[in-house]
>>> print(open('model.cif').read())   # mmCIF, N, CA and C atoms
data_start
loop_
_atom_site.label_atom_id
_atom_site.label_comp_id
_atom_site.auth_asym_id
_atom_site.auth_seq_id
_atom_site.Cartn_x
_atom_site.Cartn_y
_atom_site.Cartn_z
N VAL A 1 -5.38 -95.69 -6.13
CA VAL A 1 -5.24 -95.40 -4.71
C VAL A 1 -4.93 -96.70 -3.98
N GLN A 2 -3.94 -96.63 -3.11
CA GLN A 2 -3.60 -97.80 -2.32
C GLN A 2 -3.30 -97.37 -0.89
N LEU A 3 -3.88 -98.12 0.06
CA LEU A 3 -3.63 -97.89 1.48
C LEU A 3 -3.15 -99.21 2.06
N VAL A 4 -2.00 -99.19 2.72
CA VAL A 4 -1.41 -100.42 3.25
C VAL A 4 -1.11 -100.23 4.73
N GLU A 5 -1.85 -100.95 5.57
CA GLU A 5 -1.65 -100.87 7.02
C GLU A 5 -0.60 -101.87 7.46
N SER A 6 0.06 -101.54 8.56
CA SER A 6 1.02 -102.44 9.18
C SER A 6 1.11 -102.10 10.66
N GLY A 7 1.75 -102.99 11.42
CA GLY A 7 2.02 -102.71 12.82
C GLY A 7 1.14 -103.43 13.81
N GLY A 8 0.16 -104.17 13.33
CA GLY A 8 -0.69 -104.91 14.25
C GLY A 8 0.03 -106.09 14.87
N GLY A 9 -0.65 -106.75 15.82
CA GLY A 9 -0.05 -107.91 16.45
C GLY A 9 -0.75 -108.27 17.74
N LEU A 10 -0.12 -109.15 18.49
CA LEU A 10 -0.64 -109.59 19.78
C LEU A 10 0.09 -108.83 20.89
N VAL A 11 -0.67 -108.24 21.79
CA VAL A 11 -0.08 -107.48 22.88
C VAL A 11 -0.87 -107.74 24.16
N GLN A 12 -0.20 -107.67 25.29
CA GLN A 12 -0.87 -107.87 26.57
C GLN A 12 -1.64 -106.61 26.97
N PRO A 13 -2.66 -106.78 27.78
CA PRO A 13 -3.37 -105.59 28.29
C PRO A 13 -2.40 -104.62 28.95
N GLY A 14 -2.62 -103.35 28.66
CA GLY A 14 -1.73 -102.31 29.15
C GLY A 14 -0.57 -102.00 28.22
N GLY A 15 -0.39 -102.80 27.20
CA GLY A 15 0.69 -102.59 26.26
C GLY A 15 0.40 -101.55 25.20
N SER A 16 1.34 -101.42 24.29
CA SER A 16 1.24 -100.40 23.24
C SER A 16 1.55 -101.00 21.87
N LEU A 17 0.97 -100.39 20.87
CA LEU A 17 1.28 -100.70 19.48
C LEU A 17 1.21 -99.41 18.67
N ARG A 18 1.95 -99.37 17.58
CA ARG A 18 1.87 -98.24 16.66
C ARG A 18 1.53 -98.77 15.28
N LEU A 19 0.38 -98.37 14.79
CA LEU A 19 -0.05 -98.75 13.45
C LEU A 19 0.39 -97.70 12.45
N SER A 20 0.70 -98.15 11.25
CA SER A 20 1.04 -97.25 10.15
C SER A 20 0.15 -97.56 8.95
N CYS A 21 -0.12 -96.55 8.17
CA CYS A 21 -0.86 -96.72 6.92
C CYS A 21 -0.14 -95.92 5.85
N ALA A 22 0.47 -96.62 4.92
CA ALA A 22 1.18 -95.98 3.82
C ALA A 22 0.23 -95.78 2.65
N ALA A 23 0.15 -94.54 2.18
CA ALA A 23 -0.80 -94.20 1.12
C ALA A 23 -0.07 -93.89 -0.18
N SER A 24 -0.71 -94.21 -1.29
CA SER A 24 -0.16 -93.89 -2.60
C SER A 24 -1.29 -93.76 -3.60
N GLY A 25 -0.99 -93.09 -4.70
CA GLY A 25 -1.97 -92.97 -5.76
C GLY A 25 -2.86 -91.75 -5.71
N PHE A 26 -2.66 -90.91 -4.71
CA PHE A 26 -3.42 -89.67 -4.61
C PHE A 26 -2.57 -88.66 -3.83
N THR A 27 -3.01 -87.41 -3.86
CA THR A 27 -2.27 -86.35 -3.18
C THR A 27 -2.61 -86.42 -1.70
N PHE A 28 -1.83 -87.17 -0.97
CA PHE A 28 -2.11 -87.52 0.43
C PHE A 28 -2.41 -86.28 1.27
N SER A 29 -1.63 -85.24 1.10
CA SER A 29 -1.75 -84.06 1.96
C SER A 29 -3.05 -83.29 1.76
N SER A 30 -3.81 -83.64 0.73
CA SER A 30 -5.04 -82.93 0.42
C SER A 30 -6.28 -83.57 1.03
N TYR A 31 -6.11 -84.65 1.76
CA TYR A 31 -7.28 -85.41 2.22
C TYR A 31 -7.22 -85.74 3.70
N VAL A 32 -8.40 -85.68 4.31
CA VAL A 32 -8.57 -86.15 5.68
C VAL A 32 -8.33 -87.66 5.70
N MET A 33 -7.69 -88.12 6.74
CA MET A 33 -7.44 -89.56 6.89
C MET A 33 -8.12 -90.05 8.18
N ARG A 34 -8.57 -91.27 8.14
CA ARG A 34 -9.30 -91.85 9.26
C ARG A 34 -8.81 -93.25 9.58
N TRP A 35 -8.91 -93.61 10.84
CA TRP A 35 -8.73 -94.99 11.27
C TRP A 35 -10.07 -95.52 11.76
N TYR A 36 -10.41 -96.72 11.31
CA TYR A 36 -11.59 -97.43 11.76
C TYR A 36 -11.13 -98.76 12.36
N ARG A 37 -12.05 -99.40 13.08
CA ARG A 37 -11.79 -100.77 13.53
C ARG A 37 -13.08 -101.56 13.49
N GLN A 38 -12.92 -102.87 13.37
CA GLN A 38 -14.07 -103.76 13.37
C GLN A 38 -13.74 -105.00 14.19
N ALA A 39 -14.47 -105.15 15.27
CA ALA A 39 -14.33 -106.32 16.14
C ALA A 39 -15.25 -107.42 15.65
N PRO A 40 -14.95 -108.67 15.98
CA PRO A 40 -15.79 -109.78 15.53
C PRO A 40 -17.24 -109.59 15.95
N GLY A 41 -18.14 -109.72 15.00
CA GLY A 41 -19.56 -109.61 15.29
C GLY A 41 -20.07 -108.20 15.49
N LYS A 42 -19.22 -107.22 15.27
CA LYS A 42 -19.63 -105.83 15.48
C LYS A 42 -19.47 -105.03 14.19
N GLU A 43 -20.14 -103.88 14.15
CA GLU A 43 -20.01 -103.00 13.01
C GLU A 43 -18.67 -102.26 13.04
N ARG A 44 -18.24 -101.86 11.87
CA ARG A 44 -17.01 -101.07 11.79
C ARG A 44 -17.27 -99.70 12.43
N GLU A 45 -16.33 -99.25 13.25
CA GLU A 45 -16.50 -97.97 13.94
C GLU A 45 -15.32 -97.05 13.70
N LEU A 46 -15.62 -95.75 13.67
CA LEU A 46 -14.59 -94.74 13.50
C LEU A 46 -13.81 -94.60 14.80
N VAL A 47 -12.50 -94.68 14.70
CA VAL A 47 -11.64 -94.56 15.87
C VAL A 47 -11.07 -93.14 15.99
N ALA A 48 -10.57 -92.62 14.87
CA ALA A 48 -9.94 -91.30 14.91
C ALA A 48 -9.85 -90.73 13.50
N HIS A 49 -9.83 -89.41 13.42
CA HIS A 49 -9.57 -88.79 12.13
C HIS A 49 -8.66 -87.59 12.31
N ILE A 50 -7.99 -87.24 11.22
CA ILE A 50 -7.03 -86.14 11.26
C ILE A 50 -7.18 -85.34 9.98
N SER A 51 -7.17 -84.02 10.12
CA SER A 51 -7.34 -83.14 8.98
C SER A 51 -6.09 -83.14 8.10
N ARG A 52 -6.19 -82.44 6.97
CA ARG A 52 -5.13 -82.49 5.96
C ARG A 52 -3.77 -82.10 6.51
N ALA A 53 -3.72 -81.03 7.31
CA ALA A 53 -2.44 -80.58 7.85
C ALA A 53 -2.23 -81.05 9.28
N GLY A 54 -3.18 -81.80 9.80
CA GLY A 54 -3.04 -82.35 11.14
C GLY A 54 -3.51 -81.44 12.26
N GLY A 55 -4.11 -80.31 11.91
CA GLY A 55 -4.51 -79.38 12.95
C GLY A 55 -5.82 -79.70 13.63
N ILE A 56 -6.62 -80.54 12.98
CA ILE A 56 -7.92 -80.93 13.57
C ILE A 56 -7.93 -82.44 13.73
N ILE A 57 -8.12 -82.87 14.95
CA ILE A 57 -8.08 -84.29 15.30
C ILE A 57 -9.26 -84.59 16.21
N ASP A 58 -9.83 -85.76 16.04
CA ASP A 58 -10.89 -86.18 16.95
C ASP A 58 -10.83 -87.69 17.12
N TYR A 59 -11.38 -88.14 18.25
CA TYR A 59 -11.31 -89.55 18.62
C TYR A 59 -12.67 -90.05 19.08
N ALA A 60 -12.87 -91.34 18.95
CA ALA A 60 -14.01 -91.97 19.59
C ALA A 60 -13.81 -91.88 21.10
N ASP A 61 -14.90 -91.74 21.83
CA ASP A 61 -14.79 -91.61 23.29
C ASP A 61 -14.06 -92.79 23.91
N SER A 62 -14.20 -93.95 23.32
CA SER A 62 -13.63 -95.17 23.90
C SER A 62 -12.10 -95.20 23.85
N VAL A 63 -11.50 -94.34 23.02
CA VAL A 63 -10.04 -94.36 22.88
C VAL A 63 -9.37 -93.04 23.28
N LYS A 64 -10.18 -92.04 23.60
CA LYS A 64 -9.60 -90.75 23.98
C LYS A 64 -8.65 -90.92 25.15
N SER A 65 -7.57 -90.21 25.10
CA SER A 65 -6.47 -90.18 26.08
C SER A 65 -5.58 -91.41 26.00
N ARG A 66 -5.96 -92.40 25.18
CA ARG A 66 -5.10 -93.59 25.04
C ARG A 66 -4.48 -93.69 23.64
N PHE A 67 -5.20 -93.25 22.63
CA PHE A 67 -4.74 -93.35 21.24
C PHE A 67 -4.36 -91.96 20.72
N THR A 68 -3.38 -91.93 19.83
CA THR A 68 -2.97 -90.69 19.18
C THR A 68 -2.81 -90.91 17.69
N ILE A 69 -3.54 -90.12 16.91
CA ILE A 69 -3.41 -90.18 15.46
C ILE A 69 -2.47 -89.06 15.02
N SER A 70 -1.65 -89.36 14.02
CA SER A 70 -0.74 -88.36 13.46
C SER A 70 -0.50 -88.69 11.99
N ARG A 71 0.11 -87.76 11.29
CA ARG A 71 0.39 -88.00 9.88
C ARG A 71 1.70 -87.34 9.49
N ASP A 72 2.32 -87.89 8.46
CA ASP A 72 3.54 -87.34 7.88
C ASP A 72 3.26 -87.14 6.40
N ASN A 73 3.05 -85.90 6.01
CA ASN A 73 2.68 -85.62 4.62
C ASN A 73 3.86 -85.69 3.66
N VAL A 74 5.05 -85.88 4.19
CA VAL A 74 6.22 -86.13 3.33
C VAL A 74 6.31 -87.63 3.02
N LYS A 75 6.06 -88.43 4.05
CA LYS A 75 6.12 -89.89 3.88
C LYS A 75 4.80 -90.48 3.41
N ASN A 76 3.77 -89.63 3.29
CA ASN A 76 2.44 -90.11 2.88
C ASN A 76 1.95 -91.24 3.78
N THR A 77 2.07 -91.03 5.06
CA THR A 77 1.74 -92.07 6.02
C THR A 77 0.93 -91.47 7.18
N VAL A 78 -0.07 -92.22 7.61
CA VAL A 78 -0.82 -91.85 8.80
C VAL A 78 -0.57 -92.94 9.86
N TYR A 79 -0.50 -92.50 11.11
CA TYR A 79 -0.15 -93.39 12.20
C TYR A 79 -1.26 -93.42 13.25
N LEU A 80 -1.28 -94.51 14.01
CA LEU A 80 -2.15 -94.57 15.18
C LEU A 80 -1.34 -95.19 16.31
N GLN A 81 -0.95 -94.34 17.26
CA GLN A 81 -0.25 -94.82 18.46
C GLN A 81 -1.28 -95.23 19.47
N MET A 82 -1.21 -96.47 19.91
CA MET A 82 -2.21 -97.02 20.83
C MET A 82 -1.52 -97.42 22.12
N ASN A 83 -1.89 -96.76 23.20
CA ASN A 83 -1.32 -97.05 24.52
C ASN A 83 -2.41 -97.59 25.46
N SER A 84 -1.98 -98.16 26.56
CA SER A 84 -2.91 -98.69 27.57
C SER A 84 -3.99 -99.55 26.92
N LEU A 85 -3.56 -100.45 26.08
CA LEU A 85 -4.52 -101.26 25.33
C LEU A 85 -5.33 -102.17 26.23
N LYS A 86 -6.58 -102.36 25.84
CA LYS A 86 -7.52 -103.19 26.59
C LYS A 86 -8.01 -104.34 25.70
N PRO A 87 -8.49 -105.41 26.32
CA PRO A 87 -9.01 -106.52 25.48
C PRO A 87 -10.11 -106.05 24.52
N GLU A 88 -10.88 -105.06 24.91
CA GLU A 88 -11.95 -104.58 24.04
C GLU A 88 -11.44 -103.78 22.84
N ASP A 89 -10.14 -103.53 22.79
CA ASP A 89 -9.55 -102.89 21.62
C ASP A 89 -9.23 -103.92 20.53
N THR A 90 -9.40 -105.18 20.83
CA THR A 90 -9.15 -106.22 19.85
C THR A 90 -10.06 -106.05 18.64
N ALA A 91 -9.46 -105.96 17.46
CA ALA A 91 -10.21 -105.70 16.23
C ALA A 91 -9.25 -105.71 15.06
N VAL A 92 -9.83 -105.68 13.87
CA VAL A 92 -9.04 -105.37 12.67
C VAL A 92 -9.12 -103.86 12.48
N TYR A 93 -7.97 -103.24 12.31
CA TYR A 93 -7.89 -101.79 12.17
C TYR A 93 -7.63 -101.45 10.70
N TYR A 94 -8.42 -100.48 10.21
CA TYR A 94 -8.35 -100.08 8.80
C TYR A 94 -8.09 -98.58 8.71
N CYS A 95 -7.29 -98.18 7.75
CA CYS A 95 -7.25 -96.76 7.43
C CYS A 95 -8.16 -96.49 6.24
N ASN A 96 -8.55 -95.25 6.12
CA ASN A 96 -9.61 -94.88 5.20
C ASN A 96 -9.33 -93.50 4.62
N ALA A 97 -9.65 -93.36 3.34
CA ALA A 97 -9.57 -92.05 2.70
C ALA A 97 -10.77 -91.87 1.79
N LEU A 98 -11.34 -90.68 1.83
CA LEU A 98 -12.41 -90.31 0.90
C LEU A 98 -11.80 -89.39 -0.13
N VAL A 99 -11.63 -89.91 -1.34
CA VAL A 99 -10.97 -89.17 -2.41
C VAL A 99 -12.01 -88.91 -3.50
N GLY A 100 -12.38 -87.66 -3.61
CA GLY A 100 -13.48 -87.33 -4.52
C GLY A 100 -14.75 -87.97 -4.00
N LEU A 101 -15.41 -88.77 -4.81
CA LEU A 101 -16.62 -89.47 -4.41
C LEU A 101 -16.35 -90.93 -4.03
N ALA A 102 -15.12 -91.32 -4.05
CA ALA A 102 -14.77 -92.71 -3.79
C ALA A 102 -14.18 -92.88 -2.40
N VAL A 103 -14.58 -93.96 -1.74
CA VAL A 103 -14.05 -94.30 -0.42
C VAL A 103 -13.05 -95.44 -0.60
N TYR A 104 -11.88 -95.26 -0.02
CA TYR A 104 -10.84 -96.28 -0.13
C TYR A 104 -10.49 -96.82 1.25
N TRP A 105 -10.24 -98.14 1.29
CA TRP A 105 -9.87 -98.83 2.52
C TRP A 105 -8.59 -99.63 2.28
N GLY A 106 -7.82 -99.74 3.34
CA GLY A 106 -6.71 -100.67 3.30
C GLY A 106 -7.20 -102.08 3.57
N GLN A 107 -6.27 -103.03 3.61
CA GLN A 107 -6.63 -104.44 3.82
C GLN A 107 -6.85 -104.74 5.30
N GLY A 108 -6.42 -103.83 6.16
CA GLY A 108 -6.59 -104.01 7.59
C GLY A 108 -5.40 -104.70 8.24
N THR A 109 -5.25 -104.43 9.54
CA THR A 109 -4.22 -105.09 10.33
C THR A 109 -4.84 -105.53 11.65
N GLN A 110 -4.59 -106.76 12.03
CA GLN A 110 -5.22 -107.34 13.22
C GLN A 110 -4.49 -106.90 14.48
N VAL A 111 -5.26 -106.42 15.44
CA VAL A 111 -4.74 -106.10 16.77
C VAL A 111 -5.47 -107.00 17.76
N THR A 112 -4.70 -107.76 18.52
CA THR A 112 -5.28 -108.64 19.53
C THR A 112 -4.66 -108.30 20.87
N VAL A 113 -5.52 -107.97 21.83
CA VAL A 113 -5.07 -107.63 23.18
C VAL A 113 -5.52 -108.75 24.12
N SER A 114 -4.55 -109.50 24.59
CA SER A 114 -4.88 -110.66 25.40
C SER A 114 -3.68 -111.05 26.26
N SER A 115 -3.97 -111.59 27.43
CA SER A 115 -2.90 -112.08 28.29
C SER A 115 -2.68 -113.57 28.05
#
>>> encode(input="model.cif", output="structure tokens")
Amino acid sequence: VQLVESGGGLVQPGGSLRLSCAASGFTFSSYVMRWYRQAPGKERELVAHISRAGGIIDYADSVKSRFTISRDNVKNTVYLQMNSLKPEDTAVYYCNALVGLAVYWGQGTQVTVSS
């Protein structure tokens, strides 16, 4: 199983970024996918999750109405569109999959929101 995130970077407050997570090594369409983030000195927190076919989605209260999670089961990729970014969104963002009894993480992508 491999998860590879991309799309992070430095953005000004109010800006947007789109993160991608390319998955391989498992039947992507059969598993719920999640995005987490971890800010310096803080615990890793769940940002959003999406069901296998994309019909069930939920977000952390802190990102509702600003972030959108989606997936492409043909491209084996999950996305996180982040709009109206705030300095408190600064963190390393990870995608996550629970495959059987094993939890898999990507290497993470850094998002920095600063003027």
>>> closest_residue(input="model.cif", among="A:Tyr93, A:Pro87, A:Arg71, A:Ile57", to="A:Gln107", atoms="all atoms listed in the file")
A:Tyr93
>>> resolve_selection(input="model.cif", expression="the PyMOL selection byres ((chain A and resi 110) around 5)", output="PDB file with N, CA and C atoms, in the coordinates of the input")
ATOM      1  N   GLY A   8       0.160-104.170  13.330  1.00  0.00           N
ATOM      2  CA  GLY A   8      -0.690-104.910  14.250  1.00  0.00           C
ATOM      3  C   GLY A   8       0.030-106.090  14.870  1.00  0.00           C
ATOM      4  N   GLY A   9      -0.650-106.750  15.820  1.00  0.00           N
ATOM      5  CA  GLY A   9      -0.050-107.910  16.450  1.00  0.00           C
ATOM      6  C   GLY A   9      -0.750-108.270  17.740  1.00  0.00           C
ATOM      7  N   ALA A  91      -9.460-105.960  17.460  1.00  0.00           N
ATOM      8  CA  ALA A  91     -10.210-105.700  16.230  1.00  0.00           C
ATOM      9  C   ALA A  91      -9.250-105.710  15.060  1.00  0.00           C
ATOM     10  N   VAL A  92      -9.830-105.680  13.870  1.00  0.00           N
ATOM     11  CA  VAL A  92      -9.040-105.370  12.670  1.00  0.00           C
ATOM     12  C   VAL A  92      -9.120-103.860  12.480  1.00  0.00           C
ATOM     13  N   TYR A  93      -7.970-103.240  12.310  1.00  0.00           N
ATOM     14  CA  TYR A  93      -7.890-101.790  12.170  1.00  0.00           C
ATOM     15  C   TYR A  93      -7.630-101.450  10.700  1.00  0.00           C
ATOM     16  N   GLY A 108      -6.420-103.830   6.160  1.00  0.00           N
ATOM     17  CA  GLY A 108      -6.590-104.010   7.590  1.00  0.00           C
ATOM     18  C   GLY A 108      -5.400-104.700   8.240  1.00  0.00           C
ATOM     19  N   THR A 109      -5.250-104.430   9.540  1.00  0.00           N
ATOM     20  CA  THR A 109      -4.220-105.090  10.330  1.00  0.00           C
ATOM     21  C   THR A 109      -4.840-105.530  11.650  1.00  0.00           C
ATOM     22  N   VAL A 111      -5.260-106.420  15.440  1.00  0.00           N
ATOM     23  CA  VAL A 111      -4.740-106.100  16.770  1.00  0.00           C
ATOM     24  C   VAL A 111      -5.470-107.000  17.760  1.00  0.00           C
ATOM     25  N   THR A 112      -4.700-107.760  18.520  1.00  0.00           N
ATOM     26  CA  THR A 112      -5.280-108.640  19.530  1.00  0.00           C
ATOM     27  C   THR A 112      -4.660-108.300  20.870  1.00  0.00           C
TER      28      THR A 112
END
>>> residues_around(input="model.cif", residues="A:Leu98", least_positions_apart="5", cutoff="9 Å", atoms="only C-alpha atoms", output="list in words")
Tyr31, Val32, Met33, Val103 and Tyr104 of chain A
>>> resolve_selection(input="model.cif", expression="the PyMOL selection byres (((chain A and resi 25 and name CA) around 12) and name CA)", output="PyMOL selection string")
chain A and resi 1-4+22-24+26-29+76+97+99+104
>>> closest_residue(input="model.cif", among="A:Ser84, A:Gln12, A:Asn73, A:Ser6", to="A:Val113", atoms="only C-alpha atoms")
A:Gln12
>>> atom_distance(input="model.cif", atom1="atom N of A:Thr90", atom2="atom CA of A:Arg18")
13.9 Å
>>> closest_residue(input="model.cif", among="A:Val47, A:Leu80, A:Leu101, A:Val74", to="A:Trp35", atoms="only N, CA and C atoms")
A:Val47
>>> atom_distance(input="model.cif", atom1="atom N of A:Arg34", atom2="atom C of A:Gly54")
11.8 Å
>>> select_by_dssp(input="model.cif", residues="stretch 42-103 of chain A", states="strand (DSSP E)", output="MDAnalysis selection string")
chainID A and resid 45:50 57:59 67:72 77:82 91:99 102:103
>>> axis_aligned_box(input="model.cif", around="stretch 88-95 of chain A", padding_each_side="4 Å", output="JSON")
{"center_x": -9.6, "center_y": -101.4, "center_z": 15.6, "size_x": 12.7, "size_y": 17.7, "size_z": 26.7}
>>> residues_around(input="model.cif", residues="A:Lys86", least_positions_apart="3", cutoff="6.5 Å", atoms="all atoms listed in the file", output="tab-separated table (two decimals) with N, CA and C atoms, in the frame of the given file")
chain	number	residue	atom	x	y	z
A	13	PRO	N	-2.66	-106.78	27.78
A	13	PRO	CA	-3.37	-105.59	28.29
A	13	PRO	C	-2.40	-104.62	28.95
A	14	GLY	N	-2.62	-103.35	28.66
A	14	GLY	CA	-1.73	-102.31	29.15
A	14	GLY	C	-0.57	-102.00	28.22
A	15	GLY	N	-0.39	-102.80	27.20
A	15	GLY	CA	0.69	-102.59	26.26
A	15	GLY	C	0.40	-101.55	25.20
A	83	ASN	N	-1.89	-96.76	23.20
A	83	ASN	CA	-1.32	-97.05	24.52
A	83	ASN	C	-2.41	-97.59	25.46
A	89	ASP	N	-10.14	-103.53	22.79
A	89	ASP	CA	-9.55	-102.89	21.62
A	89	ASP	C	-9.23	-103.92	20.53
A	90	THR	N	-9.40	-105.18	20.83
A	90	THR	CA	-9.15	-106.22	19.85
A	90	THR	C	-10.06	-106.05	18.64
A	113	VAL	N	-5.52	-107.97	21.83
A	113	VAL	CA	-5.07	-107.63	23.18
A	113	VAL	C	-5.52	-108.75	24.12
A	114	SER	N	-4.55	-109.50	24.59
A	114	SER	CA	-4.88	-110.66	25.40
A	114	SER	C	-3.68	-111.05	26.26
>>> atom_distance(input="model.cif", atom1="atom N of A:Tyr94", atom2="atom CA of A:Ser115")
22.2 Å
>>> select_by_dssp(input="model.cif", residues="chain A", states="helix (DSSP H, G or I)", output="list in words")
Phe28, Ser29, Ser30, Pro87, Glu88 and Asp89 of chain A
>>> closest_residue(input="model.cif", among="A:Glu5, A:Ser70, A:Leu46, A:Ser30", to="A:Trp105", atoms="all atoms listed in the file")
A:Glu5
>>> resolve_selection(input="model.cif", expression="the PyMOL selection byres ((chain A and resi 65-67) around 8)", output="JSON, numbers by chain")
{"A": [59, 60, 61, 62, 63, 64, 68, 69, 70, 80, 81, 82, 83, 84, 85]}
>>> closest_residue(input="model.cif", among="A:Gly7, A:Glu43, A:Val78, A:Gln38", to="A:Leu19", atoms="only C-alpha atoms")
A:Gly7
>>> closest_residue(input="model.cif", among="A:Gly100, A:Arg44, A:Thr77, A:Gly106", to="A:Ser20", atoms="only C-alpha atoms")
A:Thr77
